[in-house]
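Undergrad: What follows is entry13.txt, made up of compact mmCIF, N, CA, C and O atoms:
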# COMPACT_ATOMS: atom_id res chain seq x y z
N MET T 106 0.82 -1.19 0.00
CA MET T 106 0.00 0.00 0.00
C MET T 106 0.87 1.26 0.00
O MET T 106 0.59 2.20 -0.71
N LYS T 107 1.92 1.24 0.82
CA LYS T 107 2.82 2.40 0.89
C LYS T 107 3.46 2.65 -0.48
O LYS T 107 3.59 3.79 -0.92
N HIS T 108 3.86 1.55 -1.16
CA HIS T 108 4.46 1.68 -2.49
C HIS T 108 3.45 2.27 -3.48
O HIS T 108 3.79 3.12 -4.29
N HIS T 109 2.18 1.85 -3.38
CA HIS T 109 1.14 2.35 -4.28
C HIS T 109 0.93 3.85 -4.08
O HIS T 109 0.79 4.59 -5.04
N ILE T 110 0.91 4.31 -2.84
CA ILE T 110 0.74 5.73 -2.55
C ILE T 110 1.91 6.53 -3.12
O ILE T 110 1.73 7.57 -3.74
N SER T 111 3.12 6.03 -2.94
CA SER T 111 4.31 6.71 -3.48
C SER T 111 4.24 6.80 -4.99
O SER T 111 4.55 7.83 -5.58
N THR T 112 3.82 5.72 -5.63
CA THR T 112 3.70 5.71 -7.08
C THR T 112 2.68 6.73 -7.55
O THR T 112 2.90 7.44 -8.53
N CYS T 113 1.55 6.83 -6.86
CA CYS T 113 0.52 7.81 -7.22
C CYS T 113 1.04 9.23 -7.07
O CYS T 113 0.77 10.08 -7.91
N LEU T 114 1.77 9.50 -6.01
CA LEU T 114 2.32 10.84 -5.81
C LEU T 114 3.32 11.19 -6.90
O LEU T 114 3.33 12.31 -7.40
N ILE T 115 4.14 10.24 -7.27
CA ILE T 115 5.11 10.48 -8.34
C ILE T 115 4.39 10.71 -9.66
O ILE T 115 4.74 11.60 -10.42
N ALA T 116 3.35 9.93 -9.92
CA ALA T 116 2.60 10.08 -11.16
C ALA T 116 1.84 11.39 -11.21
O ALA T 116 1.66 11.98 -12.27
N ALA T 117 1.39 11.90 -10.06
CA ALA T 117 0.61 13.13 -10.03
C ALA T 117 1.46 14.36 -10.30
O ALA T 117 0.97 15.35 -10.80
N THR T 118 2.73 14.31 -9.96
CA THR T 118 3.60 15.46 -10.17
C THR T 118 4.76 15.04 -11.04
O THR T 118 5.51 14.16 -10.71
N VAL T 119 4.88 15.70 -12.19
CA VAL T 119 5.93 15.38 -13.14
C VAL T 119 6.85 16.59 -13.24
O VAL T 119 6.38 17.71 -13.35
N ILE T 120 8.14 16.35 -13.20
CA ILE T 120 9.08 17.44 -13.39
C ILE T 120 9.76 17.22 -14.73
O ILE T 120 10.33 16.18 -14.98
N CYS T 121 9.66 18.22 -15.60
CA CYS T 121 10.27 18.14 -16.92
C CYS T 121 11.58 18.90 -16.87
O CYS T 121 11.59 20.07 -16.53
N LEU T 122 12.65 18.26 -17.23
CA LEU T 122 13.96 18.90 -17.20
C LEU T 122 14.49 19.07 -18.62
O LEU T 122 14.47 18.15 -19.41
N TYR T 123 14.96 20.25 -18.91
CA TYR T 123 15.55 20.56 -20.21
C TYR T 123 16.85 21.30 -19.96
O TYR T 123 16.86 22.49 -19.77
N GLY T 124 17.94 20.59 -19.96
CA GLY T 124 19.23 21.21 -19.68
C GLY T 124 19.33 21.55 -18.20
O GLY T 124 18.45 21.29 -17.42
N SER T 125 20.42 22.16 -17.82
CA SER T 125 20.65 22.44 -16.41
C SER T 125 19.90 23.67 -15.92
O SER T 125 19.65 23.80 -14.74
N SER T 126 19.50 24.59 -16.82
CA SER T 126 18.91 25.83 -16.35
C SER T 126 17.39 25.88 -16.49
O SER T 126 16.79 26.83 -16.03
N GLN T 127 16.76 24.89 -17.10
CA GLN T 127 15.34 24.97 -17.31
C GLN T 127 14.63 23.79 -16.65
O GLN T 127 15.06 22.66 -16.77
N ALA T 128 13.56 24.08 -15.95
CA ALA T 128 12.75 23.02 -15.35
C ALA T 128 11.35 23.56 -15.11
O ALA T 128 11.19 24.64 -14.58
N ALA T 129 10.34 22.82 -15.55
CA ALA T 129 8.96 23.19 -15.28
C ALA T 129 8.34 22.03 -14.51
O ALA T 129 8.72 20.88 -14.68
N GLU T 130 7.39 22.35 -13.65
CA GLU T 130 6.74 21.33 -12.85
C GLU T 130 5.25 21.32 -13.19
O GLU T 130 4.61 22.37 -13.23
N ILE T 131 4.72 20.12 -13.42
CA ILE T 131 3.32 19.95 -13.82
C ILE T 131 2.65 18.99 -12.85
O ILE T 131 3.27 18.04 -12.40
N SER T 132 1.36 19.23 -12.57
CA SER T 132 0.65 18.37 -11.64
C SER T 132 -0.80 18.19 -12.04
O SER T 132 -1.46 19.15 -12.42
N GLY T 133 -1.29 16.97 -11.94
CA GLY T 133 -2.70 16.62 -12.04
C GLY T 133 -3.44 17.09 -13.27
O GLY T 133 -2.91 17.75 -14.14
N GLY T 134 -4.72 16.72 -13.35
CA GLY T 134 -5.60 17.13 -14.43
C GLY T 134 -5.45 16.30 -15.69
O GLY T 134 -4.37 15.88 -16.03
N SER T 135 -6.58 16.11 -16.37
CA SER T 135 -6.54 15.39 -17.65
C SER T 135 -6.22 16.33 -18.79
O SER T 135 -5.73 15.92 -19.83
N GLY T 136 -6.57 17.63 -18.61
CA GLY T 136 -6.32 18.62 -19.63
C GLY T 136 -7.32 18.64 -20.77
O GLY T 136 -7.19 19.43 -21.70
N LEU T 137 -8.36 17.82 -20.70
CA LEU T 137 -9.29 17.72 -21.82
C LEU T 137 -10.39 18.78 -21.80
O LEU T 137 -11.12 18.95 -22.78
N THR T 138 -10.52 19.51 -20.68
CA THR T 138 -11.44 20.64 -20.59
C THR T 138 -10.73 21.75 -19.80
O THR T 138 -9.78 21.46 -19.06
N PRO T 139 -11.18 22.99 -19.92
CA PRO T 139 -10.56 24.05 -19.11
C PRO T 139 -10.67 23.76 -17.61
O PRO T 139 -9.76 24.06 -16.85
N GLU T 140 -11.77 23.14 -17.20
CA GLU T 140 -11.98 22.82 -15.78
C GLU T 140 -11.02 21.73 -15.29
O GLU T 140 -10.72 21.68 -14.10
N SER T 141 -10.58 20.86 -16.16
CA SER T 141 -9.66 19.78 -15.77
C SER T 141 -8.24 20.03 -16.29
O SER T 141 -7.47 19.10 -16.49
N ALA T 142 -7.93 21.31 -16.48
CA ALA T 142 -6.62 21.67 -17.03
C ALA T 142 -5.48 21.11 -16.20
O ALA T 142 -5.55 21.05 -14.97
N VAL T 143 -4.43 20.70 -16.88
CA VAL T 143 -3.20 20.26 -16.22
C VAL T 143 -2.58 21.52 -15.62
O VAL T 143 -2.46 22.54 -16.30
N ARG T 144 -2.19 21.48 -14.36
CA ARG T 144 -1.63 22.66 -13.70
C ARG T 144 -0.13 22.73 -13.89
O ARG T 144 0.59 21.80 -13.57
N VAL T 145 0.33 23.84 -14.41
CA VAL T 145 1.76 24.12 -14.48
C VAL T 145 2.09 24.84 -13.18
O VAL T 145 1.66 25.97 -12.96
N LEU T 146 2.82 24.17 -12.30
CA LEU T 146 3.09 24.73 -10.98
C LEU T 146 4.23 25.74 -11.02
O LEU T 146 4.30 26.65 -10.21
N ALA T 147 5.15 25.56 -11.94
CA ALA T 147 6.29 26.47 -12.06
C ALA T 147 6.86 26.36 -13.47
O ALA T 147 6.87 25.28 -14.05
N ALA T 148 7.32 27.48 -14.00
CA ALA T 148 8.02 27.52 -15.28
C ALA T 148 8.92 28.73 -15.26
O ALA T 148 8.51 29.80 -14.82
N GLU T 149 10.14 28.57 -15.72
CA GLU T 149 11.11 29.66 -15.68
C GLU T 149 10.93 30.65 -16.83
O GLU T 149 11.36 31.79 -16.74
N SER T 150 10.33 30.20 -17.93
CA SER T 150 10.18 31.04 -19.11
C SER T 150 9.08 30.46 -19.99
O SER T 150 8.62 29.35 -19.78
N GLU T 151 8.70 31.22 -21.00
CA GLU T 151 7.72 30.71 -21.95
C GLU T 151 8.28 29.50 -22.71
O GLU T 151 7.58 28.54 -22.99
N GLU T 152 9.58 29.53 -23.01
CA GLU T 152 10.22 28.40 -23.69
C GLU T 152 10.18 27.15 -22.81
O GLU T 152 9.90 26.05 -23.28
N ASP T 153 10.46 27.32 -21.53
CA ASP T 153 10.41 26.23 -20.56
C ASP T 153 9.00 25.64 -20.52
O ASP T 153 8.81 24.42 -20.56
N LEU T 154 8.00 26.51 -20.46
CA LEU T 154 6.60 26.08 -20.47
C LEU T 154 6.29 25.28 -21.73
O LEU T 154 5.74 24.18 -21.67
N THR T 155 6.66 25.82 -22.88
CA THR T 155 6.39 25.16 -24.16
C THR T 155 7.04 23.79 -24.24
O THR T 155 6.41 22.80 -24.63
N GLU T 156 8.30 23.70 -23.85
CA GLU T 156 9.00 22.42 -23.91
C GLU T 156 8.38 21.38 -22.98
O GLU T 156 8.21 20.22 -23.35
N CYS T 157 8.00 21.81 -21.79
CA CYS T 157 7.45 20.88 -20.83
C CYS T 157 6.06 20.38 -21.23
O CYS T 157 5.79 19.18 -21.17
N VAL T 158 5.18 21.27 -21.64
CA VAL T 158 3.84 20.82 -22.03
C VAL T 158 3.90 20.00 -23.31
O VAL T 158 3.12 19.05 -23.48
N THR T 159 4.82 20.31 -24.20
CA THR T 159 4.99 19.50 -25.41
C THR T 159 5.41 18.08 -25.03
O THR T 159 4.88 17.10 -25.57
N ALA T 160 6.34 17.96 -24.09
CA ALA T 160 6.77 16.63 -23.63
C ALA T 160 5.60 15.88 -22.98
O ALA T 160 5.44 14.68 -23.20
N TRP T 161 4.79 16.59 -22.22
CA TRP T 161 3.62 15.98 -21.56
C TRP T 161 2.66 15.43 -22.61
O TRP T 161 2.18 14.31 -22.50
N VAL T 162 2.38 16.24 -23.63
CA VAL T 162 1.46 15.81 -24.70
C VAL T 162 2.04 14.62 -25.45
O VAL T 162 1.35 13.62 -25.70
N ARG T 163 3.31 14.69 -25.80
CA ARG T 163 3.93 13.59 -26.58
C ARG T 163 3.99 12.30 -25.78
O ARG T 163 3.91 11.21 -26.35
N GLN T 164 4.13 12.40 -24.46
CA GLN T 164 4.16 11.20 -23.63
C GLN T 164 2.79 10.54 -23.59
O GLN T 164 2.68 9.32 -23.66
N ARG T 165 1.73 11.32 -23.51
CA ARG T 165 0.38 10.78 -23.39
C ARG T 165 -0.29 10.47 -24.72
O ARG T 165 -1.12 9.58 -24.81
N TYR T 166 0.06 11.23 -25.73
CA TYR T 166 -0.55 11.06 -27.06
C TYR T 166 0.56 11.01 -28.11
O TYR T 166 0.69 11.92 -28.93
N PRO T 167 1.36 9.95 -28.10
CA PRO T 167 2.56 9.91 -28.94
C PRO T 167 2.31 9.98 -30.44
O PRO T 167 3.18 10.42 -31.19
N GLN T 168 1.13 9.60 -30.89
CA GLN T 168 0.86 9.62 -32.33
C GLN T 168 0.18 10.91 -32.79
O GLN T 168 0.03 11.14 -33.99
N ASP T 169 -0.24 11.76 -31.84
CA ASP T 169 -0.88 13.03 -32.21
C ASP T 169 0.13 13.99 -32.81
O ASP T 169 1.31 13.98 -32.46
N ILE T 170 -0.35 14.84 -33.70
CA ILE T 170 0.47 15.91 -34.29
C ILE T 170 -0.03 17.22 -33.70
O ILE T 170 -1.22 17.53 -33.77
N ILE T 171 0.88 17.99 -33.10
CA ILE T 171 0.50 19.28 -32.54
C ILE T 171 0.30 20.25 -33.69
O ILE T 171 1.17 20.42 -34.54
N THR T 172 -0.89 20.87 -33.73
CA THR T 172 -1.23 21.77 -34.83
C THR T 172 -1.30 23.24 -34.41
O THR T 172 -1.05 24.12 -35.22
N VAL T 173 -1.70 23.51 -33.16
CA VAL T 173 -1.86 24.89 -32.69
C VAL T 173 -1.41 24.99 -31.24
O VAL T 173 -1.67 24.10 -30.44
N ARG T 174 -0.74 26.11 -30.92
CA ARG T 174 -0.38 26.46 -29.54
C ARG T 174 -0.85 27.89 -29.33
O ARG T 174 -0.57 28.76 -30.15
N SER T 175 -1.54 28.14 -28.22
CA SER T 175 -2.00 29.51 -27.96
C SER T 175 -2.27 29.70 -26.48
O SER T 175 -2.32 28.74 -25.72
N PHE T 176 -2.42 30.96 -26.09
CA PHE T 176 -2.85 31.29 -24.74
C PHE T 176 -4.32 31.69 -24.80
O PHE T 176 -4.75 32.38 -25.72
N GLN T 177 -5.09 31.24 -23.82
CA GLN T 177 -6.49 31.64 -23.68
C GLN T 177 -6.60 32.23 -22.28
O GLN T 177 -6.28 31.56 -21.30
N TYR T 178 -7.01 33.49 -22.20
CA TYR T 178 -7.06 34.15 -20.90
C TYR T 178 -8.39 33.85 -20.21
O TYR T 178 -9.43 33.80 -20.85
N ILE T 179 -8.33 33.63 -18.90
CA ILE T 179 -9.54 33.35 -18.13
C ILE T 179 -9.84 34.54 -17.23
O ILE T 179 -9.03 35.45 -17.08
N ALA T 180 -11.00 34.55 -16.63
CA ALA T 180 -11.56 35.71 -15.95
C ALA T 180 -10.63 36.39 -14.94
O ALA T 180 -10.63 37.60 -14.84
N ASP T 181 -9.87 35.65 -14.19
CA ASP T 181 -9.05 36.27 -13.15
C ASP T 181 -7.64 36.62 -13.64
O ASP T 181 -6.70 36.67 -12.87
N ASP T 182 -7.52 36.89 -14.94
CA ASP T 182 -6.27 37.29 -15.57
C ASP T 182 -5.17 36.24 -15.49
O ASP T 182 -3.99 36.56 -15.56
N ARG T 183 -5.56 35.00 -15.34
CA ARG T 183 -4.60 33.91 -15.50
C ARG T 183 -4.77 33.37 -16.91
O ARG T 183 -5.78 33.61 -17.56
N ALA T 184 -3.77 32.64 -17.36
CA ALA T 184 -3.82 32.14 -18.73
C ALA T 184 -3.91 30.62 -18.75
O ALA T 184 -3.35 29.93 -17.91
N LEU T 185 -4.64 30.13 -19.75
CA LEU T 185 -4.59 28.71 -20.09
C LEU T 185 -3.71 28.61 -21.33
O LEU T 185 -3.88 29.37 -22.29
N TYR T 186 -2.75 27.71 -21.29
CA TYR T 186 -1.93 27.42 -22.46
C TYR T 186 -2.66 26.29 -23.17
O TYR T 186 -2.92 25.25 -22.57
N VAL T 187 -3.04 26.50 -24.41
CA VAL T 187 -3.87 25.54 -25.14
C VAL T 187 -3.06 24.93 -26.27
O VAL T 187 -2.44 25.64 -27.06
N ILE T 188 -3.08 23.61 -26.32
CA ILE T 188 -2.45 22.88 -27.42
C ILE T 188 -3.54 22.10 -28.13
O ILE T 188 -4.33 21.39 -27.50
N LYS T 189 -3.59 22.25 -29.44
CA LYS T 189 -4.53 21.48 -30.26
C LYS T 189 -3.72 20.47 -31.06
O LYS T 189 -2.66 20.80 -31.60
N THR T 190 -4.26 19.25 -31.12
CA THR T 190 -3.57 18.19 -31.84
C THR T 190 -4.53 17.54 -32.84
O THR T 190 -5.75 17.72 -32.77
N LEU T 191 -3.95 16.77 -33.73
CA LEU T 191 -4.70 15.98 -34.69
C LEU T 191 -4.32 14.52 -34.45
O LEU T 191 -3.14 14.18 -34.48
N THR T 192 -5.32 13.68 -34.17
CA THR T 192 -5.05 12.26 -33.91
C THR T 192 -4.87 11.50 -35.22
O THR T 192 -5.22 12.01 -36.30
N VAL T 193 -4.38 10.28 -35.13
CA VAL T 193 -4.21 9.46 -36.33
C VAL T 193 -5.55 9.13 -36.98
O VAL T 193 -5.61 8.83 -38.16
N GLU T 194 -6.63 9.20 -36.18
CA GLU T 194 -7.97 8.97 -36.72
C GLU T 194 -8.55 10.21 -37.39
O GLU T 194 -9.66 10.18 -37.89
N GLY T 195 -7.81 11.33 -37.37
CA GLY T 195 -8.28 12.55 -37.97
C GLY T 195 -9.16 13.40 -37.07
O GLY T 195 -9.82 14.33 -37.51
N VAL T 196 -9.16 13.10 -35.77
CA VAL T 196 -9.97 13.82 -34.80
C VAL T 196 -9.11 14.91 -34.16
O VAL T 196 -7.94 14.69 -33.83
N HIS T 197 -9.69 16.09 -33.96
CA HIS T 197 -8.98 17.19 -33.30
C HIS T 197 -9.13 17.04 -31.78
O HIS T 197 -10.22 16.76 -31.30
N ARG T 198 -8.03 17.22 -31.06
CA ARG T 198 -8.03 17.14 -29.60
C ARG T 198 -7.50 18.48 -29.07
O ARG T 198 -6.52 19.01 -29.58
N THR T 199 -8.14 19.02 -28.04
CA THR T 199 -7.68 20.24 -27.40
C THR T 199 -7.26 19.90 -25.98
O THR T 199 -8.01 19.24 -25.24
N ILE T 200 -6.07 20.35 -25.59
CA ILE T 200 -5.52 20.06 -24.26
C ILE T 200 -5.21 21.39 -23.58
O ILE T 200 -4.55 22.25 -24.17
N TYR T 201 -5.68 21.53 -22.34
CA TYR T 201 -5.54 22.78 -21.60
C TYR T 201 -4.55 22.65 -20.45
O TYR T 201 -4.56 21.66 -19.72
N PHE T 202 -3.71 23.67 -20.30
CA PHE T 202 -2.75 23.74 -19.20
C PHE T 202 -2.97 25.06 -18.47
O PHE T 202 -2.90 26.13 -19.08
N GLU T 203 -3.25 25.00 -17.17
CA GLU T 203 -3.39 26.21 -16.36
C GLU T 203 -2.00 26.70 -15.98
O GLU T 203 -1.16 25.91 -15.57
N THR T 204 -1.77 27.99 -16.12
CA THR T 204 -0.42 28.51 -15.94
C THR T 204 -0.27 29.50 -14.78
O THR T 204 0.19 30.61 -14.96
N PRO T 205 -0.68 29.12 -13.56
CA PRO T 205 -0.47 30.03 -12.44
C PRO T 205 1.01 30.12 -12.10
O PRO T 205 1.77 29.18 -12.31
N GLY T 206 1.40 31.26 -11.58
CA GLY T 206 2.77 31.40 -11.12
C GLY T 206 3.78 31.76 -12.18
O GLY T 206 4.95 31.88 -11.90
N LEU T 207 3.32 31.96 -13.43
CA LEU T 207 4.26 32.37 -14.46
C LEU T 207 4.64 33.83 -14.24
O LEU T 207 3.87 34.60 -13.67
N PRO T 208 5.80 34.22 -14.71
CA PRO T 208 6.19 35.63 -14.59
C PRO T 208 5.16 36.55 -15.23
O PRO T 208 4.41 36.15 -16.12
N ALA T 209 5.13 37.79 -14.78
CA ALA T 209 4.11 38.75 -15.21
C ALA T 209 4.04 38.93 -16.72
O ALA T 209 2.97 39.20 -17.26
N GLN T 210 5.14 38.76 -17.43
CA GLN T 210 5.11 38.99 -18.88
C GLN T 210 4.24 37.97 -19.61
O GLN T 210 3.86 38.19 -20.75
N PHE T 211 3.87 36.87 -18.97
CA PHE T 211 3.03 35.88 -19.63
C PHE T 211 1.56 36.05 -19.27
O PHE T 211 0.72 35.32 -19.72
N VAL T 212 1.24 37.02 -18.43
CA VAL T 212 -0.14 37.26 -18.01
C VAL T 212 -0.62 38.55 -18.67
O VAL T 212 0.10 39.53 -18.73
N ARG T 213 -1.85 38.52 -19.19
CA ARG T 213 -2.41 39.69 -19.87
C ARG T 213 -2.41 40.89 -18.93
O ARG T 213 -2.81 40.80 -17.78
N LYS T 214 -1.97 41.99 -19.44
CA LYS T 214 -1.94 43.22 -18.66
C LYS T 214 -3.31 43.88 -18.68
O LYS T 214 -4.01 43.86 -19.69
N LYS T 215 -3.73 44.45 -17.54
CA LYS T 215 -5.00 45.16 -17.47
C LYS T 215 -4.88 46.49 -18.21
O LYS T 215 -3.87 47.15 -18.12
N SER T 216 -5.95 46.89 -18.91
CA SER T 216 -5.90 48.15 -19.66
C SER T 216 -6.24 49.32 -18.77
O SER T 216 -6.92 49.28 -17.86
Before we go any further, please render this structure as structure tokens.

TA:
Amino acid sequence: MKHHISTCLIAATVICLYGSSQAAEISGGSGLTPESAVRVLAAESEEDLTECVTAWVRQRYPQDIITVRSFQYIADDRALYVIKTLTVEGVHRTIYFETPGLPAQFVRKKS
């Protein structure tokens, strides 16, 4: 049982490493709706964010082709990073990543 709990905790939080200076941390969520968005707990830069979420998508949907990447702003001025893919069956899939804690330059500025 203890091993099972440890495995679940490890599976719930993934750390993506890209070189010695970049690391983003992702936790939970299926990402298939804005409400179930995968949470990006930390990212050092937009490039770090992009690399990490791309790795997450490729790990879970290895045959999908990424077709669109964009930010979608939500009511409280936080952003969802949205990736759209095309499956081998020709179906479009949209995956949402919530991006709290990103530096201010990645959050929409109030007018």

Undergrad: Figure out the distance between atom CA of Glu194 of chain T and atom O of Ser135 of chain T, please, to one decimal in Å.

TA: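 These two atoms are separated by 18.4 Å.
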
Undergrad: Find the distance between atom CA of Tyr166 of chain T and atom CA of Ala180 of chain T and write it in Å to one decimal.

TA: 29.2 Å

Undergrad: Mind giving me the straight-line distance from atom CA of Glu140 of chain T to atom C of Tyr201 of chain T in Å, one decimal?

TA: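 One can read the atom CA of Glu140 of chain T to atom C of Tyr201 of chain T distance as 8.8 Å.
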
Undergrad: Between T:Thr190, T:Phe176, T:Ser141, T:Glu130, which is the closest to Asp153 of chain T once you count only N, CA, C and O atoms?

TA: T:Glu130

Undergrad: Which is closer to Ile131 of chain T than all the others in T:Ile179, T:Leu146, T:Ala160, T:Ile170, using only C-alpha atoms?

TA: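 Of T:Ile179, T:Leu146, T:Ala160, T:Ile170, the one nearest Ile131 of chain T, counting only C-alpha atoms, is T:Leu146.
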
Undergrad: Counting all atoms listed in the file, which residues come within 6 Å of (-3.3, 30.4, -22.8), with the point read in the file's coordinates, and could you list them as a list in words?

TA: Ser175, Phe176, Gln177, Tyr178, Ala184, Leu185, Tyr186, Val187 and Phe202 of chain T
